[in-house]
Amino acid sequence: MTLAEGVQLVSFGLLAAMMIGTALGVVLLSNIVYSAFLLGGVFISIAGLYLLLNAGFVAAAQVLVYVGAVNVLILFGIMLVNKQEDFKVIPRAWIGKAATGAVCVGLFALLTTMVLGTPWALSSATPVGDGATVLIGIHLFSDFLLPFELASVLLLMALVGAIILARREYIPDEPVEASVSDALTLPERPRDLVSAGKSDN
Amino acid sequence: MFVLSGYEYFLVFLVICCSVPVLALTLAGLLGAKGEGAARRTTYESGMEPIGGAWIQFNIRYYMFALVFVIFDVETVFLYPWAVAFNQLGLLAFVEALIFIAILVVGLVYAWRKGALEWS
C-alpha cells in the first residue's frame with residue numbers, strides 16, 4: 001500500500017465514522033437544534049466522500065446546496081418555530097414508531113439491492129475530477145444552454161415567490177367568502193411593524 | 001487510481017481551520033482567569049449585557065435573508081462549472097453567463113425594492 005492509498009483509506013474511515021456518528025446524533029438527540037447542526041455534519045461528510053471519489057463538482061454542489069441552502073433553511077425553520085412547549089404524550093405512539101421503522105427498513109432494503117445490483121466499474125474514458133467539471137461547463141453552455149437559462153428564470157420565480165410569501169402581505173387572517181369579485185382580488189393585510197433588532201419572545 | 005492530487009493545500013487548510021477553535025478554547029482555558037462568579041458564566045455578547053435566554057423564537061424577518069441567500073447560493077452551483085471551464089468556453093459563454101446573472105439581478109432588485117434586504 002502506497003502513502004496515497006493510505007491517506008485515502010484513513011480519510012474514508014474518518015469520513016465514514018463522522019457520517020455515521022453525526023447521523024446517529026441527528027436521530028437520537030432530543031434537542032432538535034443540535035440535530036439540525038449535526039445534519040450539516042452529515043452533509044459535509046458526504047461531500048468529503050464525493051471528493052474521495054474524485055467527483056469535485058458533486059462535492060461542491062453538495063456543500064453549496066445541502067450545507068449552505070437546505071441546512072440553513074432547516075435551521076431557520078426550527079429557530080422560527082422553536083417554542084419550548086411541553087408536548088402531550090400521544091396515546092398509541094408505538095403505531096407511528098412501528099410504521100416509521102417499517103418505512104426505514106424498506107428504504108434501506110431498497111437502497112441495498114440497488115447498491116448490490118449496480119455495476120460500479122467505470123470505463124477508463126470517463127472523465128474524473130476537474131476534467132468532469134470542465135465537461136459539465138462545456139455541456140451547460142452548448143447543448144444544455146436553454147435549461148441553464150431556464151434555471152435562472154426558475155430561481156427568479158422562487159425568489160419572488162419566497163419574498164411574497166415571507167412578507168405575508170397576501171395571506172388573509174381568516175378564509176374569505178368565495179365570491180366572484182373576491183376571488184379575483186387578493187386581500188391584503190396591513191403590515192405590522194416589528195423591530196428587527198429584537199426578537200419578540 | 002485516485003491519489004487526492006491537488007488537494008494538499010485543501011487538507012492543510014482544513015487542518016488549520018479545525019485547529020483554530022480547538023486552540024482558541026484550550027488556550028483560553030489555560031491562560032484565562034480561574035475566578036468563579038456569576039459574571040464569568042454569562043454569555044459574551046460583544047460587550048453588551050445579554051438579555052433573556054438564547055433558546056427563543058427568532059424573528060420571522062431573518063427568514064427573508066435566508067431565502068435570498070439560498071437563491072444566490074444555488075446560482076453559484078450553476079456558475080461554478082462555467083468558472084472552471086472558462087478558458088475553453090470563450091466569449092459566447094461569457095455573454096450567456098451574463099444573461100443568467102442579469103435575470104437573477106432582476107430578482108435582487110425586486111427584493112431590494114420590496115425591502116427584503118433591510119433590517120427594519
# chains A, B, ... in the order shown; residues from 1 in each chain; ligands from 1
>>> interface_residues(of="chain B", to="chain A", cutoff="9 Å", atoms="only C-alpha atoms", output="PDB file with C-alpha atoms, in the first residue's frame")
ATOM      1  CA  MET B   1      -6.164   5.276  -9.134  1.00  0.00           C
ATOM      2  CA  PHE B   2      -7.122   8.400  -7.324  1.00  0.00           C
ATOM      3  CA  VAL B   3      -4.452   9.785  -5.037  1.00  0.00           C
ATOM      4  CA  LEU B   4      -6.028  13.020  -3.800  1.00  0.00           C
ATOM      5  CA  SER B   5      -3.695  15.023  -6.025  1.00  0.00           C
ATOM      6  CA  GLY B  52     -33.147  36.932  28.042  1.00  0.00           C
ATOM      7  CA  TRP B  55     -33.487  29.485  23.244  1.00  0.00           C
ATOM      8  CA  ILE B  56     -36.087  31.849  21.925  1.00  0.00           C
ATOM      9  CA  GLN B  57     -38.187  32.044  18.840  1.00  0.00           C
ATOM     10  CA  PHE B  58     -36.367  34.073  16.222  1.00  0.00           C
ATOM     11  CA  ASN B  59     -37.919  36.893  14.292  1.00  0.00           C
ATOM     12  CA  ILE B  60     -39.543  35.960  11.007  1.00  0.00           C
ATOM     13  CA  ARG B  61     -37.666  38.804   9.265  1.00  0.00           C
ATOM     14  CA  TYR B  62     -34.448  36.801   9.405  1.00  0.00           C
ATOM     15  CA  TYR B  63     -36.048  34.155   7.221  1.00  0.00           C
ATOM     16  CA  MET B  64     -36.065  36.578   4.299  1.00  0.00           C
ATOM     17  CA  ALA B  66     -32.006  33.086   4.451  1.00  0.00           C
ATOM     18  CA  LEU B  67     -34.290  32.753   1.427  1.00  0.00           C
ATOM     19  CA  VAL B  68     -32.427  35.355  -0.624  1.00  0.00           C
ATOM     20  CA  PHE B  69     -29.144  33.731   0.366  1.00  0.00           C
ATOM     21  CA  VAL B  70     -30.380  30.292  -0.689  1.00  0.00           C
ATOM     22  CA  ILE B  71     -31.367  31.517  -4.151  1.00  0.00           C
ATOM     23  CA  PHE B  72     -27.962  33.034  -4.831  1.00  0.00           C
ATOM     24  CA  ASP B  73     -26.289  30.001  -3.289  1.00  0.00           C
ATOM     25  CA  VAL B  74     -27.968  27.780  -5.868  1.00  0.00           C
ATOM     26  CA  GLU B  75     -26.963  30.264  -8.566  1.00  0.00           C
ATOM     27  CA  THR B  76     -23.333  29.683  -7.543  1.00  0.00           C
ATOM     28  CA  VAL B  77     -23.703  25.977  -8.314  1.00  0.00           C
ATOM     29  CA  PHE B  78     -24.606  26.827 -11.902  1.00  0.00           C
ATOM     30  CA  LEU B  79     -21.789  29.330 -12.275  1.00  0.00           C
ATOM     31  CA  TYR B  80     -19.130  27.005 -10.839  1.00  0.00           C
ATOM     32  CA  PRO B  81     -18.650  24.810 -13.958  1.00  0.00           C
ATOM     33  CA  TRP B  82     -18.601  27.981 -16.063  1.00  0.00           C
ATOM     34  CA  ALA B  83     -15.774  29.358 -13.935  1.00  0.00           C
ATOM     35  CA  VAL B  84     -13.798  26.103 -14.126  1.00  0.00           C
ATOM     36  CA  ALA B  85     -14.255  25.760 -17.898  1.00  0.00           C
ATOM     37  CA  PHE B  86     -13.840  29.475 -18.572  1.00  0.00           C
ATOM     38  CA  GLN B  88     -12.307  26.541 -23.010  1.00  0.00           C
ATOM     39  CA  LEU B  89     -15.641  28.315 -23.405  1.00  0.00           C
ATOM     40  CA  LEU B  92     -20.232  33.424 -26.172  1.00  0.00           C
ATOM     41  CA  ALA B  93     -20.426  31.536 -22.893  1.00  0.00           C
ATOM     42  CA  GLU B  96     -24.652  33.609 -21.747  1.00  0.00           C
ATOM     43  CA  ALA B  97     -23.478  33.677 -18.149  1.00  0.00           C
ATOM     44  CA  ILE B  99     -27.654  36.825 -19.239  1.00  0.00           C
ATOM     45  CA  PHE B 100     -28.037  34.216 -16.488  1.00  0.00           C
ATOM     46  CA  ILE B 101     -26.784  36.668 -13.872  1.00  0.00           C
ATOM     47  CA  ILE B 103     -32.079  37.543 -14.898  1.00  0.00           C
ATOM     48  CA  LEU B 104     -31.214  36.947 -11.254  1.00  0.00           C
ATOM     49  CA  VAL B 105     -30.223  40.572 -10.710  1.00  0.00           C
ATOM     50  CA  VAL B 106     -33.830  41.390 -11.600  1.00  0.00           C
ATOM     51  CA  GLY B 107     -34.792  39.263  -8.617  1.00  0.00           C
ATOM     52  CA  LEU B 108     -32.244  41.022  -6.440  1.00  0.00           C
ATOM     53  CA  TYR B 110     -37.126  43.169  -6.708  1.00  0.00           C
ATOM     54  CA  ALA B 111     -36.017  42.016  -3.256  1.00  0.00           C
ATOM     55  CA  LYS B 114     -39.571  45.284  -1.644  1.00  0.00           C
ATOM     56  CA  ALA B 116     -36.396  42.392   1.853  1.00  0.00           C
ATOM     57  CA  TRP B 119     -33.377  45.322   8.776  1.00  0.00           C
ATOM     58  CA  SER B 120     -36.350  47.413   9.738  1.00  0.00           C
TER      59      SER B 120
END
>>> residues_around(residues="Leu49 (chain A)", least_positions_apart="3", cutoff="10 Å", atoms="only C-alpha atoms", output="PyMOL selection string")
chain A and resi 11-13+15-16+19+43-46+52-55+59
>>> write_last_selection(atoms="N, CA and C atoms", output="PDB file, in the first residue's frame")
ATOM      1  N   SER A  11      -8.717   8.728   5.278  1.00  0.00           N
ATOM      2  CA  SER A  11      -9.738   9.753   5.069  1.00  0.00           C
ATOM      3  C   SER A  11     -11.120   9.126   4.980  1.00  0.00           C
ATOM      4  N   PHE A  12     -11.202   8.005   4.255  1.00  0.00           N
ATOM      5  CA  PHE A  12     -12.502   7.336   4.138  1.00  0.00           C
ATOM      6  C   PHE A  12     -13.004   6.875   5.495  1.00  0.00           C
ATOM      7  N   GLY A  13     -12.089   6.302   6.292  1.00  0.00           N
ATOM      8  CA  GLY A  13     -12.500   5.839   7.608  1.00  0.00           C
ATOM      9  C   GLY A  13     -12.993   6.972   8.484  1.00  0.00           C
ATOM     10  N   LEU A  15     -14.156   9.924   7.514  1.00  0.00           N
ATOM     11  CA  LEU A  15     -15.405  10.477   6.998  1.00  0.00           C
ATOM     12  C   LEU A  15     -16.578   9.553   7.303  1.00  0.00           C
ATOM     13  N   ALA A  16     -16.351   8.240   7.156  1.00  0.00           N
ATOM     14  CA  ALA A  16     -17.441   7.298   7.405  1.00  0.00           C
ATOM     15  C   ALA A  16     -17.837   7.324   8.875  1.00  0.00           C
ATOM     16  N   MET A  19     -19.692  10.481   9.521  1.00  0.00           N
ATOM     17  CA  MET A  19     -21.033  10.458   8.951  1.00  0.00           C
ATOM     18  C   MET A  19     -21.979   9.622   9.799  1.00  0.00           C
ATOM     19  N   PHE A  43     -23.955  16.144   5.960  1.00  0.00           N
ATOM     20  CA  PHE A  43     -23.825  16.632   4.587  1.00  0.00           C
ATOM     21  C   PHE A  43     -22.361  16.895   4.237  1.00  0.00           C
ATOM     22  N   ILE A  44     -21.603  17.461   5.197  1.00  0.00           N
ATOM     23  CA  ILE A  44     -20.193  17.743   4.928  1.00  0.00           C
ATOM     24  C   ILE A  44     -19.422  16.441   4.756  1.00  0.00           C
ATOM     25  N   SER A  45     -19.764  15.417   5.565  1.00  0.00           N
ATOM     26  CA  SER A  45     -19.077  14.130   5.409  1.00  0.00           C
ATOM     27  C   SER A  45     -19.358  13.539   4.035  1.00  0.00           C
ATOM     28  N   ILE A  46     -20.613  13.670   3.575  1.00  0.00           N
ATOM     29  CA  ILE A  46     -20.939  13.139   2.248  1.00  0.00           C
ATOM     30  C   ILE A  46     -20.143  13.886   1.185  1.00  0.00           C
ATOM     31  N   LEU A  52     -13.363  12.188  -2.212  1.00  0.00           N
ATOM     32  CA  LEU A  52     -12.541  10.978  -2.268  1.00  0.00           C
ATOM     33  C   LEU A  52     -12.834  10.190  -3.529  1.00  0.00           C
ATOM     34  N   LEU A  53     -14.079  10.250  -3.999  1.00  0.00           N
ATOM     35  CA  LEU A  53     -14.451   9.551  -5.225  1.00  0.00           C
ATOM     36  C   LEU A  53     -14.082  10.345  -6.471  1.00  0.00           C
ATOM     37  N   ASN A  54     -13.357  11.457  -6.277  1.00  0.00           N
ATOM     38  CA  ASN A  54     -12.895  12.275  -7.401  1.00  0.00           C
ATOM     39  C   ASN A  54     -14.036  12.963  -8.132  1.00  0.00           C
ATOM     40  N   ALA A  55     -15.111  13.255  -7.406  1.00  0.00           N
ATOM     41  CA  ALA A  55     -16.237  13.952  -8.016  1.00  0.00           C
ATOM     42  C   ALA A  55     -16.290  15.356  -7.431  1.00  0.00           C
ATOM     43  N   ALA A  59     -19.163  17.316  -5.094  1.00  0.00           N
ATOM     44  CA  ALA A  59     -18.820  17.710  -3.733  1.00  0.00           C
ATOM     45  C   ALA A  59     -19.127  19.190  -3.508  1.00  0.00           C
TER      46      ALA A  59
END
>>> decode(residues="region 42-67 of chain B", atoms="N, CA and C atoms", output="tab-separated table (two decimals), in the first residue's frame")
chain	number	residue	atom	x	y	z
B	42	THR	N	-21.71	34.29	32.28
B	42	THR	CA	-22.61	34.92	31.32
B	42	THR	C	-22.04	34.81	29.91
B	43	THR	N	-22.95	34.85	28.94
B	43	THR	CA	-22.54	34.78	27.55
B	43	THR	C	-21.92	36.10	27.14
B	44	TYR	N	-20.78	36.00	26.43
B	44	TYR	CA	-20.17	37.22	25.91
B	44	TYR	C	-20.92	37.65	24.65
B	45	GLU	N	-21.48	38.84	24.68
B	45	GLU	CA	-22.30	39.29	23.57
B	45	GLU	C	-21.81	40.65	23.11
B	46	SER	N	-20.59	40.70	22.59
B	46	SER	CA	-19.99	41.92	22.08
B	46	SER	C	-19.97	43.02	23.13
B	47	GLY	N	-19.72	42.67	24.36
B	47	GLY	CA	-19.65	43.66	25.41
B	47	GLY	C	-20.99	44.12	25.94
B	48	MET	N	-22.08	43.62	25.36
B	48	MET	CA	-23.41	44.02	25.83
B	48	MET	C	-23.86	43.03	26.90
B	49	GLU	N	-24.75	43.53	27.76
B	49	GLU	CA	-25.36	42.63	28.72
B	49	GLU	C	-26.34	41.73	27.97
B	50	PRO	N	-26.21	40.43	28.07
B	50	PRO	CA	-27.18	39.57	27.39
B	50	PRO	C	-28.57	39.69	28.02
B	51	ILE	N	-29.56	39.79	27.13
B	51	ILE	CA	-30.94	39.96	27.60
B	51	ILE	C	-31.71	38.69	27.27
B	52	GLY	N	-32.29	38.09	28.27
B	52	GLY	CA	-33.15	36.93	28.04
B	52	GLY	C	-32.36	35.69	27.71
B	53	GLY	N	-33.09	34.63	27.41
B	53	GLY	CA	-32.46	33.36	27.11
B	53	GLY	C	-32.06	33.28	25.66
B	54	ALA	N	-31.23	32.28	25.36
B	54	ALA	CA	-30.80	32.09	23.98
B	54	ALA	C	-31.77	31.20	23.21
B	55	TRP	N	-32.57	30.41	23.92
B	55	TRP	CA	-33.49	29.48	23.24
B	55	TRP	C	-34.82	30.16	23.05
B	56	ILE	N	-34.84	31.12	22.15
B	56	ILE	CA	-36.09	31.85	21.92
B	56	ILE	C	-36.49	31.67	20.48
B	57	GLN	N	-37.71	32.07	20.22
B	57	GLN	CA	-38.19	32.04	18.84
B	57	GLN	C	-37.59	33.24	18.10
B	58	PHE	N	-37.01	32.99	16.95
B	58	PHE	CA	-36.37	34.07	16.22
B	58	PHE	C	-37.38	34.84	15.39
B	59	ASN	N	-37.00	36.05	15.05
B	59	ASN	CA	-37.92	36.89	14.29
B	59	ASN	C	-38.06	36.37	12.87
B	60	ILE	N	-39.27	36.47	12.34
B	60	ILE	CA	-39.54	35.96	11.01
B	60	ILE	C	-38.79	36.75	9.94
B	61	ARG	N	-38.35	37.99	10.27
B	61	ARG	CA	-37.67	38.80	9.27
B	61	ARG	C	-36.35	38.17	8.84
B	62	TYR	N	-35.72	37.42	9.75
B	62	TYR	CA	-34.45	36.80	9.40
B	62	TYR	C	-34.60	35.77	8.31
B	63	TYR	N	-35.81	35.20	8.21
B	63	TYR	CA	-36.05	34.15	7.22
B	63	TYR	C	-35.86	34.68	5.81
B	64	MET	N	-36.19	35.97	5.63
B	64	MET	CA	-36.07	36.58	4.30
B	64	MET	C	-34.61	36.55	3.81
B	65	PHE	N	-33.71	36.88	4.73
B	65	PHE	CA	-32.28	36.87	4.36
B	65	PHE	C	-31.85	35.45	3.99
B	66	ALA	N	-32.36	34.48	4.75
B	66	ALA	CA	-32.01	33.09	4.45
B	66	ALA	C	-32.51	32.70	3.06
B	67	LEU	N	-33.73	33.12	2.73
B	67	LEU	CA	-34.29	32.75	1.43
B	67	LEU	C	-33.50	33.39	0.29
